[in-house]
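**Student:** Please read through the structure below; I'll follow up with questions.
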Amino acid sequence: LLAFLFLLSLVIPTVVISLRDAGSDDIYVGAETCKGCHKDRYESYIKSNHAKKVIPGSPANKNACETCHGPGMAHVQKGGGRGTGMFSFIKQRDADEKSARCLSCHQDFRAISFWNMSRHKVNGISCDKCHSIHSGSGKNLRAKEPALCITCHLSIRAQLNKQSHHPLKEGLMKCTQCHAQHGEFGSKMIKADTVNELCYKCHAEKRGPFMWQHPPVEENCLTCHVPHGSNHTKLLTSRPPLLCQKCHDATQHPGNIYTNFETLKGTAASSKN
């Protein structure tokens, strides 16, 4: 009798779990049902990476629309509309709650290993702020760089419009070449341990070693340069000799900005700033 009861205790949970799994499919209605009312959204979804079955773990290999938005049976039975149990990525919804939907599939991606320590997450930025579930663009981005980034970073946008700037607007660089948008150990989410190490990735000729090394160069490139844009040549924080005299005593090496060279005249005046 005891042996029979023991075997029965092993069988009953298995049967209950099987019934529960079989019944869970009844709450999903399928993408074709969604298409009946949301044709435009369905068509944009079909063009996205999420609709490609060749990608392992994509929504197309699970419950399609309902993988992200949740089961749709209650939504359909009530005739649609909000407040019928569907998960929508609206502005009013908590950022962590929206990101959790994305992370349920993407949490093991190498690119977002440090998401929990990123400034974006800390400041309440959710995945859908930059990415669109239905976008057919690369990485489902809502816009290309730098237009996507400067939508929020308005001060950087102003700096990129200054006469001396890194060639982001020209399409020769991207914000993500220097910054890790999903989080990094470095300050300002830069892709290096220090500012200098980041700059040397492109400006290798400045690394040295040199026989006569300028000490501020070894300490921090930002002592003399600004990273995004300046009204002075070569991204300098101010024009020489005023820049130099911030550290060097002007009494022993005076510099007068009102010399013939510094006077703005002629067609090439802009190159002397």
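Ordered as shown in the structure tokens, chains take letters A, B, and onward, while each chain numbers its residues from 1 and ligands are numbered from 1 in the order shown.
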Would you give me, as a Markdown table, each residue of region 53-169 of chain A having an atom within 10 Å of an atom of region 177-180 of chain A, along with its shortest atom pair and that distance in Å to one decimal, using only C-alpha atoms and sorting by chain and residue number?
**Tutor:**
```
| residue | atom | partner | partner_atom | distance |
| --- | --- | --- | --- | --- |
| A:Ala111 | CA | A:Ala180 | CA | 8.7 |
| A:Ile112 | CA | A:Ala180 | CA | 9.3 |
| A:Phe114 | CA | A:Ala180 | CA | 9.4 |
| A:Trp115 | CA | A:Ala180 | CA | 9.8 |
| A:Ser118 | CA | A:Ala180 | CA | 8.9 |
```
**Student:** For His69 (chain A), which residue among A:Ala95, A:Cys34, A:Val54, A:Leu242 is the nearest when counting only C-alpha atoms?
**Tutor:**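 Residue with the minimum atom-to-atom distance to His69 (chain A): A:Cys34.
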**Student:** Considering only C-alpha atoms, can you say which of A:Asn220, A:Gly136, A:His228, A:His50 comes closest to His153 (chain A)?
**Tutor:**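 Under the stated criterion, the closest residue is A:His228.
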**Student:** Can you check which residues of region 63-268 of chain A DSSP gives as strand (DSSP E or B) on the backbone and send them as a compact mmCIF listing (two decimals) with all heavy atoms, in the first residue's frame?
**Tutor:**
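Result saved to states07.txt:
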```
# COMPACT_ATOMS: atom_id res chain seq x y z
N HIS A 131 14.76 51.74 -28.78
CA HIS A 131 14.43 50.65 -29.68
C HIS A 131 12.92 50.57 -29.90
O HIS A 131 12.14 50.88 -29.01
CB HIS A 131 14.91 49.31 -29.11
CG HIS A 131 16.39 49.25 -28.89
ND1 HIS A 131 17.28 48.90 -29.88
CD2 HIS A 131 17.14 49.49 -27.78
CE1 HIS A 131 18.51 48.92 -29.39
NE2 HIS A 131 18.45 49.28 -28.13
N LEU A 141 16.47 50.16 -33.98
CA LEU A 141 16.62 51.52 -33.45
C LEU A 141 15.54 52.43 -34.02
O LEU A 141 15.12 52.29 -35.17
CB LEU A 141 18.00 52.08 -33.79
CG LEU A 141 19.18 51.42 -33.10
CD1 LEU A 141 20.48 52.02 -33.63
CD2 LEU A 141 19.11 51.60 -31.59
N SER A 164 34.43 73.46 -34.43
CA SER A 164 35.38 72.36 -34.25
C SER A 164 34.66 71.24 -33.52
O SER A 164 34.19 71.41 -32.39
CB SER A 164 36.59 72.84 -33.45
OG SER A 164 37.50 71.76 -33.22
N HIS A 165 34.52 70.07 -34.15
CA HIS A 165 33.78 68.97 -33.53
C HIS A 165 34.23 67.65 -34.15
O HIS A 165 34.80 67.62 -35.24
CB HIS A 165 32.27 69.14 -33.75
CG HIS A 165 31.87 69.22 -35.18
ND1 HIS A 165 31.72 70.42 -35.85
CD2 HIS A 165 31.61 68.26 -36.11
CE1 HIS A 165 31.38 70.21 -37.10
NE2 HIS A 165 31.30 68.89 -37.29
N HIS A 179 31.07 55.57 -26.36
CA HIS A 179 30.19 55.30 -25.21
C HIS A 179 29.53 53.94 -25.33
O HIS A 179 29.14 53.51 -26.42
CB HIS A 179 29.12 56.38 -25.10
CG HIS A 179 29.65 57.76 -24.87
ND1 HIS A 179 30.02 58.23 -23.64
CD2 HIS A 179 29.87 58.78 -25.74
CE1 HIS A 179 30.45 59.47 -23.74
NE2 HIS A 179 30.38 59.84 -25.01
N ILE A 190 32.04 55.46 -20.90
CA ILE A 190 33.00 55.41 -21.99
C ILE A 190 33.58 54.00 -22.07
O ILE A 190 33.67 53.28 -21.08
CB ILE A 190 34.12 56.45 -21.84
CG1 ILE A 190 34.92 56.23 -20.56
CG2 ILE A 190 33.56 57.85 -21.90
CD1 ILE A 190 36.15 57.10 -20.45
N HIS A 225 41.32 69.81 -24.03
CA HIS A 225 40.35 69.58 -25.09
C HIS A 225 38.96 69.27 -24.53
O HIS A 225 38.82 68.79 -23.40
CB HIS A 225 40.80 68.40 -25.96
CG HIS A 225 42.11 68.59 -26.64
ND1 HIS A 225 42.25 69.29 -27.81
CD2 HIS A 225 43.37 68.18 -26.29
CE1 HIS A 225 43.52 69.30 -28.18
NE2 HIS A 225 44.23 68.64 -27.28
N GLY A 229 32.59 69.33 -28.92
CA GLY A 229 32.62 70.47 -29.83
C GLY A 229 33.11 71.74 -29.15
O GLY A 229 32.90 71.93 -27.95
N SER A 230 33.78 72.58 -29.92
CA SER A 230 34.34 73.83 -29.39
C SER A 230 34.34 74.88 -30.49
O SER A 230 34.37 74.56 -31.68
CB SER A 230 35.76 73.59 -28.88
OG SER A 230 36.39 74.81 -28.56
N LEU A 236 39.88 72.75 -28.62
CA LEU A 236 40.52 73.31 -27.42
C LEU A 236 39.47 73.97 -26.53
O LEU A 236 38.46 74.50 -26.99
CB LEU A 236 41.57 74.33 -27.83
CG LEU A 236 42.81 73.76 -28.55
CD1 LEU A 236 43.71 74.91 -29.02
CD2 LEU A 236 43.58 72.80 -27.66
```
**Student:** Looking at only C-alpha atoms, which of A:Lys62, A:Gln213, A:Arg93, A:Cys247 is the one that sits closest to Gly124 (chain A)?
**Tutor:** A:Arg93
**Student:** From the list A:Ser58, A:Ser88, A:Thr151, A:Thr176, which residue is nearest His106 (chain A) when using only C-alpha atoms?
**Tutor:**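 Comparing A:Ser58, A:Ser88, A:Thr151, A:Thr176 against His106 (chain A), the winner is A:Ser58.
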**Student:** Based on DSSP run over this structure's backbone, return all residues of region 180-227 of chain A in alpha helix (DSSP H), as a list in words.
**Tutor:**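 Checking each residue of region 180-227 of chain A, the alpha helix (DSSP H) ones are Val195, Asn196, Glu197, Leu198, Cys199, Tyr200, Pro215, Pro216, Val217, Glu218 and Glu219 of chain A.
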**Student:** Looking at only C-alpha atoms, which of A:Cys105, A:Val122, A:Cys68, A:Cys37 is the one that sits closest to Gly80 (chain A)?
**Tutor:** A:Cys37
